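> What follows is a structure written as C-alpha cells; I'll ask about it next.
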Amino acid sequence: MPADDEVSPPDESGEEVDPPDQTDVADDPLDVDLDVEFDVTEDIGTIAATVPAVKSHTYGTSVKGQSLVYYQITPPNPNGKKAFLTFALHGFEDAWKQDGRALYSIAKSTIDYYGNHLDLLKGWTVYIIPTANPDGMRYGTNNWRESAGAYGRCQSQGKDMNRNVGSDTSKEQRLLVDLFEQVKPTIAIDFHGWYNTYYGDAKIGGFFQRSFNASYTGKPTKYCYTASNGVMNCGSTLGGIFHGTTSMTVGMFAQWARARGVPAALIEYPAPDFNNNGLYDTVWDAELGYRRMGKVTLDKMWNRTRVALTDLFAHY
Ligand SMILES: [Zn+2]
C-alpha cells in the first residue's frame with residue numbers, strides 16, 4: 001500500500017493528562033500573519049499549548065525583535081537520542097517570494113504530527129526550529145546571496161545564516177549555534193529548497209532519498225530543480241530523481257555539525273514542476289505577487305518528510 005494511504009495510528013491520549021508546563025513557553029503572535037497568506041491554518045503556539053508532549057521555548061530574539069522559537073517533543077520513554085531539525089535558515093529560497101514559508105509550514109506539520117504520534121518517535125526526543133531566520137522569512141524582500149541589501153534569504157543585515165557557521169556572522173546564527181551546543185543532538189537535519197537532493201550524511205539523507213524516490217500516490221512524473229536565478233530545470237540531471245551527495249561546503253550548518261562529530265544532512269526539497277505534468281498544484285497569490293506552491297503540493301512535501309522521518313526514528 002502506498003505510504004500516503006497509511007492509516008494514522010491512534011493518538012497518544014491517555015499518556016498524559018496534566019496541562020503543559022507554561023514555564024518559558026514562548027508565544028509567537030506573528031504566526032497570525034501567516035494564516036491568511038500561506039497554508040498555515042493552525043497556530044503553532046496552539047499545538048504546544050494543547051499537546052502535552054510538545055513544549056515551545058524561546059532561544060533568543062532576532063535583530064528585528066522577533067522571538068526565536070524552538071519546539072521540543074519528548075516521548076514517554078526517551079532513549080537518549082536527540083534529533084535537531086532546522087527549517088528556513090533561508091527566508092527565501094529560489095522559487096518564489098518568501099518560499100521559506102513552505103519549509104515553515106512543513107515544520108509545523110512535523111510538530112503537530114509527532115506531538116500527536118509519540119509512539120512513532122521510538123524514544124527519540126526531537127528539537128524543531130521552524131524558522132531560524134524569521135526576519136528574512138516574514139519581512140525580507142529578496143533571495144540575494146550574501147551582500148549589502150540582501151534580506152530575505154539572508155537575515156536583516158545581509159548575512160547568510162548557512163554560510164561561515166561558527167564565525168558568528170549574525171546574531172541569529174550565533175544563537176542557533178548556541179542552542180545546538182546546549183542540546184548536543186545525536187543527529188541534525190537542515191531543510192532547504194529546491195535543489196532536489198541531500199548533501200551530507202548518507203545514512204540520514206538516504207531516508208529522504210528513498211522516501212522521495214519511492215512510488216507513492218500522486219507522485220509527479222519527475223521532480224525539478226530551481227536554480228538561484230529562478231530558472232526551473234526538470235531534466236534528468238538536476239531534476240528527475242531525488243539526488244544525494246556526501247560532500248558539503250565548509251561553513252554550511254550541516255557541515256559545521258558534521259565537523260563537530262554530529263552526523264548531519266542538508267535536505268533540499270525538490271521543486272514542484274509548475275509547468276509540465278500538472279500533478280503539482282500552484283496558486284497565484286495576489287498579495288505576494290507570485291505563483292507559489294499550493295496545498296496539494298505542500299501536503300506531498302510533508303508526507304514524504306513524514307515517511308522519511310518515521311523510518312529514520314525507527315531504524316537509524
Ligand atoms: Zn536554503
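Chains: A, B, ... in order of the C-alpha cells. Residues: from 1 per chain. Ligands: from 1, in order shown.
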Could you list, as a VMD selection string, all protein and nucleic acid residues with an atom at most 6 Å from ligand 1, counting only C-alpha atoms and all ligand atoms?
chain A and resid 90 93 192 to 193
> Can you pull out the residues contacting segment 235-250 of chain A? Cut-off 9 Å, using only C-alpha atoms, and skip same-chain residues under 4 positions away; I want them as a PyMOL selection string.
chain A and resi 163-165+195-202+205-206+208-210+212-213+221-226+254-256+259+265-266+269-271
> DSSP on the backbone, strand (DSSP E or B) only: what residues of segment 221-301 of chain A does that give? Format it as a list in words.
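Answer for segment 221-301 of chain A restricted to strand (DSSP E or B) is Tyr223, Cys224, Tyr225, Thr226, Met232, Asn233, Gly240, His243, Gly244, Thr245, Ala264, Ala265, Leu266, Ile267, Glu268, Tyr269, Ala271, Thr282, Val283, Trp284, Asp285, Tyr290, Arg291, Arg292 and Met293 of chain A.
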> Excluding Ser228 of chain A and any residue of its chain fewer than 5 positions from it, enumerate the residues within 12 Å of it, using only C-alpha atoms, and give them as a list in words.
Phe92, Glu93, Asp94, Ala95, Trp96, Asn142, Asn143, Trp144, Arg145, Arg153, Gly193, Trp194, Tyr195 and Asn233 of chain A
> Could you check the closest approach to Leu309 of chain A for each of A:Thr131, A:Phe207, A:Gly294, A:Gly123 and tell me which residue wins, using only C-alpha atoms?
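So, comparing all the options, the nearest one is A:Phe207.
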> For Tyr216 of chain A, which of A:Ser147, A:Thr169, A:Gln157, A:Asn303 is the closest residue, counting only C-alpha atoms?
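Looking only at the distances to Tyr216 of chain A, the closest residue turns out to be A:Asn303.
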> Of the residues A:Tyr151, A:Phe84, A:Tyr316, A:Phe253, which is the one nearest to Lys64 of chain A, using only C-alpha atoms?
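Of A:Tyr151, A:Phe84, A:Tyr316, A:Phe253, the one nearest Lys64 of chain A, counting only C-alpha atoms, is A:Tyr151.
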> Write out as a PyMOL selection string all residues of segment 80-281 of chain A that DSSP puts in alpha helix (DSSP H) for this structure's backbone.
chain A and resi 100-115+134-139+171-183+202-213+253-259
> Keeping only N, CA and C atoms, write the selected residues as a compact mmCIF listing (two decimals), in the first residue's frame.

# COMPACT_ATOMS: atom_id res chain seq x y z
N GLY A 100 10.49 30.36 2.00
CA GLY A 100 10.83 29.74 3.28
C GLY A 100 9.59 29.41 4.09
N ARG A 101 8.48 30.07 3.75
CA ARG A 101 7.23 29.76 4.44
C ARG A 101 6.77 28.34 4.17
N ALA A 102 7.12 27.79 3.04
CA ALA A 102 6.77 26.39 2.77
C ALA A 102 7.50 25.47 3.74
N LEU A 103 8.76 25.79 3.98
CA LEU A 103 9.54 25.00 4.93
C LEU A 103 8.97 25.15 6.34
N TYR A 104 8.61 26.37 6.65
CA TYR A 104 8.00 26.64 7.96
C TYR A 104 6.72 25.83 8.13
N SER A 105 5.94 25.76 7.09
CA SER A 105 4.69 25.01 7.15
C SER A 105 4.95 23.52 7.37
N ILE A 106 5.98 23.00 6.70
CA ILE A 106 6.34 21.58 6.89
C ILE A 106 6.80 21.36 8.34
N ALA A 107 7.52 22.31 8.87
CA ALA A 107 7.95 22.21 10.28
C ALA A 107 6.75 22.15 11.21
N LYS A 108 5.76 22.97 10.94
CA LYS A 108 4.56 22.96 11.77
C LYS A 108 3.85 21.62 11.70
N SER A 109 3.77 21.07 10.50
CA SER A 109 3.15 19.75 10.37
C SER A 109 3.94 18.71 11.14
N THR A 110 5.26 18.83 11.13
CA THR A 110 6.12 17.89 11.85
C THR A 110 5.84 17.96 13.36
N ILE A 111 5.75 19.17 13.87
CA ILE A 111 5.48 19.35 15.30
C ILE A 111 4.12 18.78 15.66
N ASP A 112 3.13 19.11 14.87
CA ASP A 112 1.76 18.67 15.15
C ASP A 112 1.66 17.14 15.07
N TYR A 113 2.22 16.58 14.02
CA TYR A 113 2.06 15.14 13.79
C TYR A 113 2.78 14.31 14.85
N TYR A 114 4.04 14.59 15.08
CA TYR A 114 4.78 13.75 16.04
C TYR A 114 4.39 14.07 17.47
N GLY A 115 3.92 15.30 17.70
CA GLY A 115 3.38 15.60 19.02
C GLY A 115 2.16 14.77 19.36
N PRO A 134 13.46 34.28 11.05
CA PRO A 134 12.09 34.80 10.91
C PRO A 134 12.03 36.18 10.28
N ASP A 135 13.06 37.00 10.47
CA ASP A 135 13.04 38.33 9.85
C ASP A 135 13.07 38.19 8.33
N GLY A 136 13.96 37.37 7.83
CA GLY A 136 14.04 37.17 6.39
C GLY A 136 12.76 36.57 5.83
N MET A 137 12.22 35.58 6.55
CA MET A 137 11.03 34.89 6.05
C MET A 137 9.80 35.80 6.04
N ARG A 138 9.66 36.59 7.08
CA ARG A 138 8.44 37.39 7.20
C ARG A 138 8.57 38.78 6.58
N TYR A 139 9.75 39.38 6.68
CA TYR A 139 9.89 40.78 6.28
C TYR A 139 10.85 40.98 5.12
N LYS A 171 23.59 37.59 14.57
CA LYS A 171 23.04 37.25 15.87
C LYS A 171 22.21 35.97 15.79
N GLU A 172 21.41 35.85 14.73
CA GLU A 172 20.56 34.67 14.60
C GLU A 172 21.40 33.40 14.46
N GLN A 173 22.50 33.51 13.72
CA GLN A 173 23.37 32.34 13.55
C GLN A 173 24.03 31.95 14.88
N ARG A 174 24.50 32.95 15.59
CA ARG A 174 25.17 32.66 16.86
C ARG A 174 24.21 31.99 17.84
N LEU A 175 22.97 32.49 17.89
CA LEU A 175 22.00 31.92 18.83
C LEU A 175 21.62 30.49 18.44
N LEU A 176 21.57 30.23 17.13
CA LEU A 176 21.27 28.87 16.69
C LEU A 176 22.41 27.91 17.07
N VAL A 177 23.62 28.37 16.86
CA VAL A 177 24.79 27.57 17.25
C VAL A 177 24.77 27.32 18.76
N ASP A 178 24.45 28.36 19.53
CA ASP A 178 24.40 28.20 20.99
C ASP A 178 23.35 27.15 21.38
N LEU A 179 22.21 27.19 20.71
CA LEU A 179 21.17 26.21 21.02
C LEU A 179 21.63 24.80 20.69
N PHE A 180 22.28 24.66 19.55
CA PHE A 180 22.81 23.35 19.15
C PHE A 180 23.79 22.83 20.20
N GLU A 181 24.66 23.71 20.65
CA GLU A 181 25.65 23.30 21.66
C GLU A 181 24.97 22.89 22.96
N GLN A 182 23.89 23.58 23.27
CA GLN A 182 23.17 23.27 24.50
C GLN A 182 22.47 21.92 24.39
N VAL A 183 21.86 21.65 23.23
CA VAL A 183 21.09 20.42 23.04
C VAL A 183 22.02 19.21 22.91
N ALA A 202 25.10 10.23 4.46
CA ALA A 202 24.34 9.38 3.55
C ALA A 202 23.28 8.55 4.27
N LYS A 203 23.54 8.20 5.51
CA LYS A 203 22.55 7.40 6.24
C LYS A 203 21.30 8.24 6.49
N ILE A 204 21.51 9.48 6.93
CA ILE A 204 20.36 10.37 7.16
C ILE A 204 19.71 10.73 5.83
N GLY A 205 20.52 11.16 4.89
CA GLY A 205 19.98 11.57 3.60
C GLY A 205 19.27 10.45 2.88
N GLY A 206 19.73 9.23 3.12
CA GLY A 206 19.13 8.08 2.45
C GLY A 206 17.66 7.89 2.79
N PHE A 207 17.28 8.23 4.01
CA PHE A 207 15.86 8.10 4.37
C PHE A 207 15.00 9.02 3.50
N PHE A 208 15.51 10.20 3.21
CA PHE A 208 14.77 11.14 2.38
C PHE A 208 14.84 10.75 0.91
N GLN A 209 16.00 10.29 0.50
CA GLN A 209 16.14 9.87 -0.89
C GLN A 209 15.19 8.72 -1.21
N ARG A 210 15.12 7.74 -0.31
CA ARG A 210 14.21 6.62 -0.54
C ARG A 210 12.76 7.07 -0.51
N SER A 211 12.46 7.97 0.41
CA SER A 211 11.07 8.43 0.52
C SER A 211 10.63 9.17 -0.75
N PHE A 212 11.48 10.06 -1.22
CA PHE A 212 11.09 10.82 -2.41
C PHE A 212 11.10 9.97 -3.67
N ASN A 213 11.98 8.99 -3.73
CA ASN A 213 12.07 8.19 -4.95
C ASN A 213 11.16 6.98 -4.94
N PHE A 253 25.69 24.94 7.81
CA PHE A 253 25.31 24.50 9.15
C PHE A 253 25.48 22.98 9.32
N ALA A 254 24.99 22.20 8.36
CA ALA A 254 25.09 20.74 8.49
C ALA A 254 26.54 20.28 8.45
N GLN A 255 27.35 20.94 7.64
CA GLN A 255 28.77 20.56 7.57
C GLN A 255 29.49 20.96 8.85
N TRP A 256 29.11 22.09 9.38
CA TRP A 256 29.67 22.52 10.67
C TRP A 256 29.35 21.47 11.74
N ALA A 257 28.10 20.98 11.74
CA ALA A 257 27.72 19.95 12.71
C ALA A 257 28.54 18.67 12.51
N ARG A 258 28.71 18.29 11.23
CA ARG A 258 29.49 17.08 10.94
C ARG A 258 30.93 17.24 11.43
N ALA A 259 31.47 18.42 11.25
CA ALA A 259 32.85 18.67 11.67
C ALA A 259 32.98 18.56 13.19
> Nearest to Pro75 of chain A: which of A:Phe313, A:Val63, A:Phe191, A:Val283 is it, counting only C-alpha atoms?
A:Phe313
> Which residue gives the smallest distance to Lys55 of chain A among A:Leu120, A:Ala83, A:Met161, A:Val126, with only C-alpha atoms counted?
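Checking each of A:Leu120, A:Ala83, A:Met161, A:Val126 against Lys55 of chain A, counting only C-alpha atoms, the winner is A:Val126.
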